[in-house]
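> This is the content of structure.cif (mmCIF, C-alpha atoms and all ligand atoms):
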data_run
#
loop_
_atom_site.label_atom_id
_atom_site.label_comp_id
_atom_site.auth_asym_id
_atom_site.auth_seq_id
_atom_site.Cartn_x
_atom_site.Cartn_y
_atom_site.Cartn_z
CA MET A 1 17.84 -16.73 22.77
CA LYS A 2 15.99 -18.20 19.80
CA ARG A 3 15.34 -16.15 16.67
CA THR A 4 12.66 -17.23 14.19
CA ILE A 5 11.97 -15.44 10.91
CA THR A 6 8.52 -15.72 9.32
CA HIS A 7 6.49 -13.65 6.84
CA LEU A 8 3.16 -11.86 7.10
CA ALA A 9 0.37 -12.17 4.51
CA ASP A 10 1.69 -9.24 2.44
CA GLY A 11 5.25 -10.53 2.44
CA ARG A 12 6.64 -8.40 5.27
CA GLU A 13 9.22 -10.06 7.48
CA LEU A 14 8.41 -10.81 11.13
CA ILE A 15 11.02 -12.04 13.61
CA TYR A 16 10.37 -13.63 16.99
CA PHE A 17 13.00 -13.29 19.72
CA ASP A 18 12.32 -15.95 22.35
CA ARG A 19 13.93 -16.79 25.64
CA ARG A 20 12.83 -20.42 25.31
CA ASP A 21 14.22 -22.67 22.59
CA ASP A 22 10.97 -24.61 22.25
CA ALA A 23 8.57 -21.74 21.46
CA ASP A 24 6.17 -22.74 18.65
CA ARG A 25 6.39 -20.15 15.87
CA SER A 26 4.49 -22.02 13.15
CA ALA A 27 1.34 -19.83 13.23
CA ILE A 28 0.44 -18.41 9.80
CA ASP A 29 -0.95 -14.95 9.03
CA ARG A 30 -4.33 -15.69 7.41
CA ARG A 31 -5.42 -12.10 6.85
CA VAL A 32 -6.03 -10.64 3.41
CA LEU A 33 -3.89 -7.50 3.23
CA ASP A 34 -3.51 -4.78 0.61
CA PRO A 35 -0.28 -4.78 -1.40
CA ARG A 36 2.57 -2.95 0.29
CA PRO A 37 2.95 0.75 -0.59
CA VAL A 38 5.98 1.97 -2.54
CA ALA A 39 8.83 3.73 -0.74
CA SER A 40 8.66 7.44 -0.05
CA GLU A 41 10.68 9.83 -2.16
CA LEU A 42 13.53 11.85 -0.70
CA ARG A 43 13.95 15.48 -1.58
CA TYR A 44 17.08 17.44 -0.83
CA ASP A 45 16.88 20.88 0.76
CA PRO A 46 19.95 22.73 -0.58
CA LEU A 47 19.65 25.43 2.12
CA THR A 48 19.90 23.11 5.10
CA GLU A 49 21.61 20.23 3.28
CA GLU A 50 18.98 17.87 4.67
CA TRP A 51 16.94 15.11 3.07
CA ILE A 52 13.16 15.25 3.64
CA ALA A 53 11.10 12.08 3.11
CA MET A 54 7.77 12.57 1.29
CA ALA A 55 5.68 9.70 2.55
CA GLY A 56 2.21 10.49 1.19
CA HIS A 57 0.97 6.95 1.73
CA ARG A 58 1.41 7.32 5.47
CA GLN A 59 -1.71 9.52 5.65
CA THR A 60 -3.82 6.37 5.62
CA ARG A 61 -2.03 4.71 8.53
CA THR A 62 -3.86 3.31 11.53
CA PHE A 63 -4.78 6.19 13.81
CA GLN A 64 -5.57 5.62 17.49
CA PRO A 65 -7.61 2.47 16.83
CA THR A 66 -8.57 2.46 20.50
CA GLY A 67 -7.07 1.85 23.90
CA SER A 68 -8.71 -1.55 24.06
CA ALA A 69 -6.58 -4.65 23.74
CA ASN A 70 -9.31 -6.26 21.57
CA GLU A 71 -8.46 -4.08 18.60
CA CYS A 72 -4.73 -3.79 19.19
CA PRO A 73 -2.61 -4.87 16.18
CA LEU A 74 0.40 -5.47 18.46
CA CYS A 75 -1.26 -7.93 20.86
CA PRO A 76 -0.83 -11.61 19.98
CA SER A 77 -3.52 -13.15 17.73
CA SER A 78 -6.25 -15.28 19.28
CA ASP A 79 -8.56 -17.93 17.82
CA THR A 80 -11.08 -15.25 16.92
CA ARG A 81 -8.90 -12.29 16.03
CA SER A 82 -5.84 -11.80 13.81
CA SER A 83 -3.35 -9.08 14.69
CA GLU A 84 0.04 -8.26 13.15
CA ILE A 85 1.51 -11.08 15.24
CA PRO A 86 0.18 -14.50 14.15
CA ALA A 87 1.32 -16.34 17.33
CA HIS A 88 -0.85 -16.60 20.45
CA ASP A 89 1.99 -15.29 22.62
CA TYR A 90 5.47 -13.86 22.24
CA ASP A 91 8.42 -12.50 24.22
CA VAL A 92 9.77 -9.84 21.85
CA VAL A 93 8.77 -9.51 18.23
CA VAL A 94 9.98 -7.29 15.38
CA PHE A 95 8.26 -6.82 12.03
CA GLU A 96 8.41 -4.54 9.02
CA ASN A 97 6.17 -1.50 9.34
CA ARG A 98 3.08 -1.70 7.17
CA PHE A 99 3.35 1.99 6.28
CA PRO A 100 7.12 2.57 6.15
CA SER A 101 8.83 5.90 5.53
CA PHE A 102 11.73 3.94 4.01
CA SER A 103 11.65 0.60 2.22
CA GLY A 104 13.13 -1.47 -0.57
CA ASN A 105 9.93 -1.23 -2.59
CA PHE A 106 10.63 1.55 -5.12
CA GLY A 107 8.24 3.41 -7.35
CA THR A 108 9.28 5.84 -10.08
CA TYR A 109 10.48 9.29 -9.15
CA MET A 110 10.12 12.42 -11.26
CA ASP A 111 12.35 15.44 -11.54
CA VAL A 112 10.53 18.06 -9.43
CA GLY A 113 12.44 21.10 -10.68
CA GLY A 114 13.90 23.74 -8.40
CA LEU A 115 17.27 23.02 -6.85
CA SER A 116 16.00 19.88 -5.17
CA GLU A 117 17.37 16.48 -6.02
CA VAL A 118 14.96 13.54 -5.70
CA ARG A 119 15.76 9.92 -4.96
CA PRO A 120 13.90 6.89 -3.61
CA GLY A 121 13.58 6.44 0.16
CA VAL A 122 15.69 3.30 0.30
CA GLY A 123 15.86 1.65 3.70
CA ARG A 124 13.61 -0.11 6.10
CA CYS A 125 11.23 0.66 8.98
CA GLU A 126 10.47 -1.90 11.65
CA VAL A 127 8.23 -2.11 14.70
CA VAL A 128 9.53 -3.69 17.92
CA CYS A 129 7.01 -5.03 20.44
CA PHE A 130 8.70 -4.92 23.84
CA THR A 131 6.22 -7.29 25.51
CA SER A 132 2.96 -9.08 24.69
CA GLU A 133 1.31 -7.38 27.69
CA HIS A 134 -0.84 -4.60 26.28
CA SER A 135 -1.05 -2.43 29.39
CA SER A 136 2.57 -2.71 30.50
CA SER A 137 5.29 -0.16 29.76
CA PHE A 138 9.05 -0.25 29.18
CA SER A 139 9.64 0.98 32.73
CA ARG A 140 7.91 -2.10 34.13
CA LEU A 141 9.79 -4.71 32.08
CA SER A 142 11.93 -7.20 34.01
CA ASN A 143 15.70 -6.96 33.57
CA GLY A 144 15.63 -10.18 31.56
CA GLN A 145 13.00 -8.76 29.24
CA VAL A 146 14.99 -5.54 28.71
CA GLU A 147 18.03 -7.67 27.88
CA LEU A 148 15.99 -9.57 25.29
CA VAL A 149 14.84 -6.26 23.75
CA MET A 150 18.49 -5.18 23.63
CA GLU A 151 19.43 -8.42 21.87
CA ALA A 152 16.69 -7.71 19.33
CA TRP A 153 17.97 -4.11 18.84
CA ALA A 154 21.54 -5.41 18.41
CA ASP A 155 20.39 -8.06 15.92
CA ARG A 156 18.38 -5.55 13.88
CA THR A 157 21.18 -2.96 13.94
CA ALA A 158 23.63 -5.49 12.51
CA GLU A 159 21.12 -6.81 9.98
CA LEU A 160 19.83 -3.44 8.74
CA SER A 161 23.38 -2.05 8.56
CA GLY A 162 23.98 -4.66 5.87
CA ILE A 163 21.24 -3.40 3.54
CA GLU A 164 22.65 -1.69 0.46
CA GLY A 165 22.09 2.05 0.67
CA VAL A 166 21.47 2.19 4.44
CA GLU A 167 23.69 4.75 6.17
CA GLN A 168 22.35 4.87 9.74
CA VAL A 169 20.14 2.73 12.00
CA PHE A 170 17.98 4.43 14.62
CA CYS A 171 16.21 2.49 17.40
CA PHE A 172 13.71 4.56 19.35
CA GLU A 173 10.55 4.65 21.42
CA ASN A 174 7.87 7.33 21.34
CA ARG A 175 5.63 7.06 24.35
CA GLY A 176 2.40 8.84 25.25
CA GLU A 177 -0.50 10.41 23.43
CA GLU A 178 1.10 13.84 23.90
CA ILE A 179 3.96 12.69 21.64
CA GLY A 180 1.44 11.68 18.98
CA ILE A 181 1.74 7.97 19.57
CA THR A 182 -1.04 6.09 17.83
CA LEU A 183 -0.91 2.76 19.69
CA ALA A 184 -0.88 2.24 23.47
CA HIS A 185 0.83 -1.18 23.34
CA PRO A 186 4.49 -0.92 24.53
CA HIS A 187 6.52 -0.76 21.33
CA GLY A 188 9.28 1.09 19.59
CA GLN A 189 10.49 1.54 16.06
CA ILE A 190 13.65 1.15 14.05
CA TYR A 191 14.45 3.35 11.07
CA ALA A 192 17.22 2.36 8.67
CA TYR A 193 17.95 5.64 6.85
CA PRO A 194 19.60 6.05 3.44
CA TYR A 195 21.55 9.05 4.80
CA VAL A 196 23.24 10.20 8.00
CA THR A 197 20.64 12.12 10.03
CA PRO A 198 21.08 15.88 10.61
CA ARG A 199 21.63 15.63 14.37
CA THR A 200 24.22 12.90 14.01
CA LYS A 201 25.99 14.91 11.30
CA LEU A 202 26.20 17.92 13.63
CA GLN A 203 27.48 15.87 16.57
CA LEU A 204 30.09 14.11 14.45
CA ALA A 205 31.25 17.37 12.86
CA ALA A 206 31.80 18.79 16.36
CA ALA A 207 33.61 15.60 17.40
CA ARG A 208 35.84 15.84 14.32
CA ARG A 209 36.80 19.44 15.16
CA TYR A 210 37.61 18.53 18.76
CA SER A 211 41.30 17.76 19.10
CA MET A 212 41.64 16.79 22.77
CA GLY A 213 40.46 13.19 22.41
CA ASN A 214 37.01 11.74 21.81
CA LEU A 215 34.45 14.48 22.40
CA PHE A 216 31.69 12.13 23.60
CA ALA A 217 34.05 10.38 26.03
CA ASP A 218 35.19 13.74 27.37
CA VAL A 219 31.60 14.97 27.84
CA LEU A 220 30.87 11.81 29.82
CA ALA A 221 34.06 12.13 31.90
CA ALA A 222 33.34 15.80 32.67
CA GLU A 223 29.76 15.07 33.73
CA ARG A 224 30.94 12.25 35.99
CA ALA A 225 33.54 14.57 37.51
CA ALA A 226 31.08 17.44 38.03
CA GLY A 227 28.46 15.09 39.45
CA THR A 228 25.78 17.76 39.85
CA ARG A 229 23.78 16.52 36.87
CA VAL A 230 24.35 12.79 37.28
CA VAL A 231 21.01 11.04 37.79
CA ALA A 232 22.16 7.43 38.19
CA ALA A 233 25.27 5.37 37.52
CA ASN A 234 26.74 1.91 37.86
CA GLU A 235 30.10 0.44 36.88
CA LEU A 236 29.35 0.36 33.16
CA TRP A 237 26.85 3.19 32.49
CA THR A 238 26.13 6.77 33.58
CA ALA A 239 22.87 8.69 33.20
CA PHE A 240 23.07 12.48 33.38
CA VAL A 241 21.14 15.60 32.42
CA PRO A 242 23.30 17.41 29.85
CA ALA A 243 24.57 20.81 30.97
CA ALA A 244 22.82 22.51 28.04
CA ALA A 245 19.64 20.39 28.00
CA ARG A 246 17.03 21.53 25.48
CA TRP A 247 14.06 19.80 27.08
CA PRO A 248 12.58 20.27 30.57
CA TYR A 249 13.49 16.69 31.52
CA GLU A 250 16.28 15.23 29.44
CA VAL A 251 18.66 12.43 30.35
CA HIS A 252 21.56 11.05 28.34
CA ILE A 253 22.81 7.55 29.12
CA TYR A 254 26.35 6.56 28.04
CA PRO A 255 28.24 3.29 28.33
CA HIS A 256 31.65 3.88 29.95
CA ARG A 257 33.30 2.13 27.00
CA GLN A 258 33.23 3.71 23.56
CA VAL A 259 31.32 1.49 21.13
CA PRO A 260 29.79 2.50 17.79
CA ASP A 261 26.44 0.78 18.18
CA LEU A 262 24.17 -1.58 20.10
CA ALA A 263 25.56 -4.59 18.29
CA ALA A 264 28.97 -3.90 19.86
CA LEU A 265 27.75 -4.04 23.49
CA THR A 266 28.79 -7.03 25.57
CA GLU A 267 26.31 -9.20 27.46
CA GLU A 268 27.62 -7.65 30.68
CA GLU A 269 26.93 -4.14 29.37
CA ARG A 270 23.39 -5.09 28.31
CA SER A 271 22.73 -6.56 31.76
CA ALA A 272 24.02 -3.45 33.51
CA PHE A 273 21.93 -1.13 31.32
CA ALA A 274 18.58 -2.77 32.09
CA PRO A 275 18.06 -1.85 35.79
CA LEU A 276 19.59 1.62 35.35
CA TYR A 277 17.37 2.55 32.42
CA THR A 278 14.11 1.28 33.91
CA ALA A 279 14.91 3.12 37.17
CA VAL A 280 15.33 6.37 35.19
CA LEU A 281 12.06 5.74 33.33
CA ARG A 282 10.23 5.12 36.61
CA ALA A 283 11.72 8.32 38.02
CA PHE A 284 10.27 10.14 34.99
CA ASP A 285 6.80 8.76 35.75
CA ASP A 286 7.23 9.57 39.43
CA LEU A 287 8.01 13.26 38.79
CA PHE A 288 4.41 14.46 38.57
CA GLY A 289 2.51 11.28 39.35
CA VAL A 290 1.18 11.15 35.79
CA VAL A 291 2.40 9.15 32.80
CA MET A 292 5.34 11.00 31.26
CA PRO A 293 5.27 11.27 27.51
CA TYR A 294 8.80 10.75 26.24
CA ILE A 295 11.06 10.09 23.30
CA SER A 296 13.90 7.66 23.88
CA ALA A 297 16.49 7.72 21.12
CA TRP A 298 19.56 5.52 20.58
CA HIS A 299 22.33 7.47 18.88
CA GLN A 300 24.48 5.06 16.91
CA ALA A 301 27.49 5.72 14.70
CA PRO A 302 26.73 5.75 10.96
CA VAL A 303 27.05 2.41 9.20
CA ARG A 304 29.89 3.25 6.80
CA GLN A 305 31.72 6.23 8.28
CA ASP A 306 32.94 7.65 11.58
CA ARG A 307 32.80 4.28 13.34
CA GLU A 308 35.78 5.34 15.47
CA LEU A 309 34.43 8.82 16.16
CA GLY A 310 30.82 7.93 17.02
CA TYR A 311 29.84 6.88 20.54
CA LEU A 312 26.68 4.92 21.25
CA HIS A 313 24.42 6.70 23.71
CA LEU A 314 20.76 7.09 24.54
CA GLU A 315 19.03 10.49 24.60
CA LEU A 316 15.77 10.42 26.57
CA PHE A 317 13.54 13.45 26.98
CA SER A 318 10.04 14.47 27.90
CA ILE A 319 7.98 17.37 26.67
CA ARG A 320 6.16 17.61 30.02
CA ARG A 321 7.44 20.47 32.17
CA ALA A 322 4.74 20.45 34.89
CA PRO A 323 1.64 18.34 35.75
CA GLY A 324 -0.70 20.10 33.32
CA LYS A 325 1.89 21.74 31.11
CA LEU A 326 3.64 20.56 27.98
CA LYS A 327 6.62 22.14 26.27
CA TYR A 328 5.57 22.87 22.71
CA LEU A 329 7.98 23.62 19.97
CA ALA A 330 6.94 27.18 19.30
CA GLY A 331 8.40 29.92 17.12
CA SER A 332 11.96 30.02 18.39
CA GLU A 333 12.43 26.24 18.47
CA SER A 334 10.42 25.30 15.37
CA ALA A 335 11.38 28.15 13.11
CA MET A 336 14.92 28.90 14.22
CA GLY A 337 16.03 25.73 15.99
CA ALA A 338 16.83 27.93 19.01
CA PHE A 339 15.74 26.24 22.22
CA VAL A 340 14.57 27.92 25.42
CA ASN A 341 14.41 25.55 28.41
CA ASP A 342 12.23 26.45 31.42
CA VAL A 343 13.84 23.98 33.82
CA LEU A 344 17.47 24.27 34.97
CA PRO A 345 19.38 21.04 34.23
CA GLU A 346 20.81 20.89 37.77
CA GLU A 347 17.30 21.15 39.23
CA ALA A 348 15.94 18.51 36.82
CA ALA A 349 18.84 16.22 37.78
CA ARG A 350 18.20 16.75 41.50
CA MET A 351 14.51 15.90 41.12
CA LEU A 352 15.21 12.78 39.06
CA ARG A 353 18.11 11.63 41.25
CA SER A 354 16.01 11.74 44.41
CA ARG A 355 13.42 9.53 42.71
CA VAL A 356 15.93 7.05 41.32
CA ASP A 357 17.23 6.61 44.87
CA HIS A 358 13.85 5.18 45.85
CA TYR A 359 14.51 2.03 43.84
ZN ZN B 1 -1.87 -4.62 22.51
#
Translate the structure described by the file into structure tokens.

Amino acid sequence: MKRTITHLADGRELIYFDRRDDADRSAIDRRVLDPRPVASELRYDPLTEEWIAMAGHRQTRTFQPTGSANECPLCPSSDTRSSEIPAHDYDVVVFENRFPSFSGNFGTYMDVGGLSEVRPGVGRCEVVCFTSEHSSSFSRLSNGQVELVMEAWADRTAELSGIEGVEQVFCFENRGEEIGITLAHPHGQIYAYPYVTPRTKLQLAAARRYSMGNLFADVLAAERAAGTRVVAANELWTAFVPAAARWPYEVHIYPHRQVPDLAALTEEERSAFAPLYTAVLRAFDDLFGVVMPYISAWHQAPVRQDRELGYLHLELFSIRRAPGKLKYLAGSESAMGAFVNDVLPEEAARMLRSRVDHY
């Protein structure tokens, strides 16, 4: 794998991850771009003990430019058109988000009164292009391509973990218009947060209270033993629907070995993940014969704490519960955080498992 760092016209970093050692990465970004916006401000909610990022500048971000590859900012540049990627082709590319929720570019922050504390949204937001093919999808990537994406995730996790003030690195993919995704090109994002996220805090607090061993490892072992919710497995990974799934179709994928983050996976583990994950994604799409909107979220241990307690795993879920029906976060979920799931996890697992078997 060859890694080449370059910079875009406004100073943002762009990194090519290439399979070939001789890829030409000398292309220059010739666009004239506005100066980069300042970082968001973080405000603390004393009632929930959560930080909320106020990213006003994001209102101006690119919105659904079009489905056409001609306008796509994530396709490679051509002789007549300049995108975010200066080269005429690429394997995997990562660059700093033009409208980041977190960055190293601070403004000044005022006392806002109330009981809220305010601080700058230190951190970094990056975009990961999974392939140069505009109309592809993660589920259709070759195993080698998935492995290259995983190398890029591992590289970015290690790199962003080293930024002063960053507490957690989150690699994820939002897919589908129903999820609010603004660009059709297969891509994901990486957020380097200046705090440990609420969901991770909850999971780690539960793991800390659990005295029988590692909670995540025991959840995995129990699901493997029960078997009724296992969707797919190989020697190094297991995919299962959690017993108390919140979403109609939700699959968690765990490595069999406890590691804190993507950077700690071995080459063998990355290779074993690729075919399993794409088979699960294809099973998702096969459920109703329509593109499944989904969120795919890598849960990694925080950067500076609980490295022994955390357990890398992927949480994948869709908001589609039937061909024409989406699960919306209504009153109970949005206001109270109390989920009601319309699909039994065992039934969801059975449906997904039968489709994974096709591959
Ligand atoms: Zn594109």
> Please provide as a ChimeraX atom specification all residues within 9 Å of Met292 in chain A, with the sequence filter that same-chain residues fewer than 2 positions apart are discarded (counting only C-alpha atoms).
/A:175-176,178,281,284-290,294,318-320
> Go ahead and write the selection's residues with C-alpha atoms as a PDB file, in the frame of the given file.

ATOM      1  CA  ARG A 175       5.630   7.060  24.350  1.00  0.00           C
ATOM      2  CA  GLY A 176       2.400   8.840  25.250  1.00  0.00           C
ATOM      3  CA  GLU A 178       1.100  13.840  23.900  1.00  0.00           C
ATOM      4  CA  LEU A 281      12.060   5.740  33.330  1.00  0.00           C
ATOM      5  CA  PHE A 284      10.270  10.140  34.990  1.00  0.00           C
ATOM      6  CA  ASP A 285       6.800   8.760  35.750  1.00  0.00           C
ATOM      7  CA  ASP A 286       7.230   9.570  39.430  1.00  0.00           C
ATOM      8  CA  LEU A 287       8.010  13.260  38.790  1.00  0.00           C
ATOM      9  CA  PHE A 288       4.410  14.460  38.570  1.00  0.00           C
ATOM     10  CA  GLY A 289       2.510  11.280  39.350  1.00  0.00           C
ATOM     11  CA  VAL A 290       1.180  11.150  35.790  1.00  0.00           C
ATOM     12  CA  TYR A 294       8.800  10.750  26.240  1.00  0.00           C
ATOM     13  CA  SER A 318      10.040  14.470  27.900  1.00  0.00           C
ATOM     14  CA  ILE A 319       7.980  17.370  26.670  1.00  0.00           C
ATOM     15  CA  ARG A 320       6.160  17.610  30.020  1.00  0.00           C
TER      16      ARG A 320
END
> Using only C-alpha atoms, which residue out of A:Ser139, A:Glu223, A:Pro293, A:Leu160 lies closest to Gly180 in chain A?
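Looking only at the distances to Gly180 in chain A, the closest residue turns out to be A:Pro293.
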> With a distance cut-off of 8 Å and all atoms listed in the file, select the neighbouring residues of Val303 in chain A, excluding the residue or stretch itself and same-chain residues fewer than 5 positions from it, and output the selection as JSON, numbers by chain.
{"A": [161, 166, 167, 168, 169]}
> What does the list of residues within 10 Å of ligand ZN 1 (chain B) look like if you count only C-alpha atoms and all ligand atoms, written as an NGL selection string?
:A and (66-77 or 83 or 129 or 131-136 or 183-187)
> Just to confirm, what's the straight-line distance from CA of Ser116 in chain A to CA of Ser40 in chain A in Å (one decimal)?
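Separation between CA of Ser116 in chain A and CA of Ser40 in chain A: 15.3 Å.
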> Which polymer residues have any atom within 12 Å of an atom of Tyr328 in chain A, counting all atoms listed in the file, with same-chain residues fewer than 5 positions away left out, as an MDAnalysis selection string?
chainID A and resid 178:179 246:248 318:321 333:334 339:342
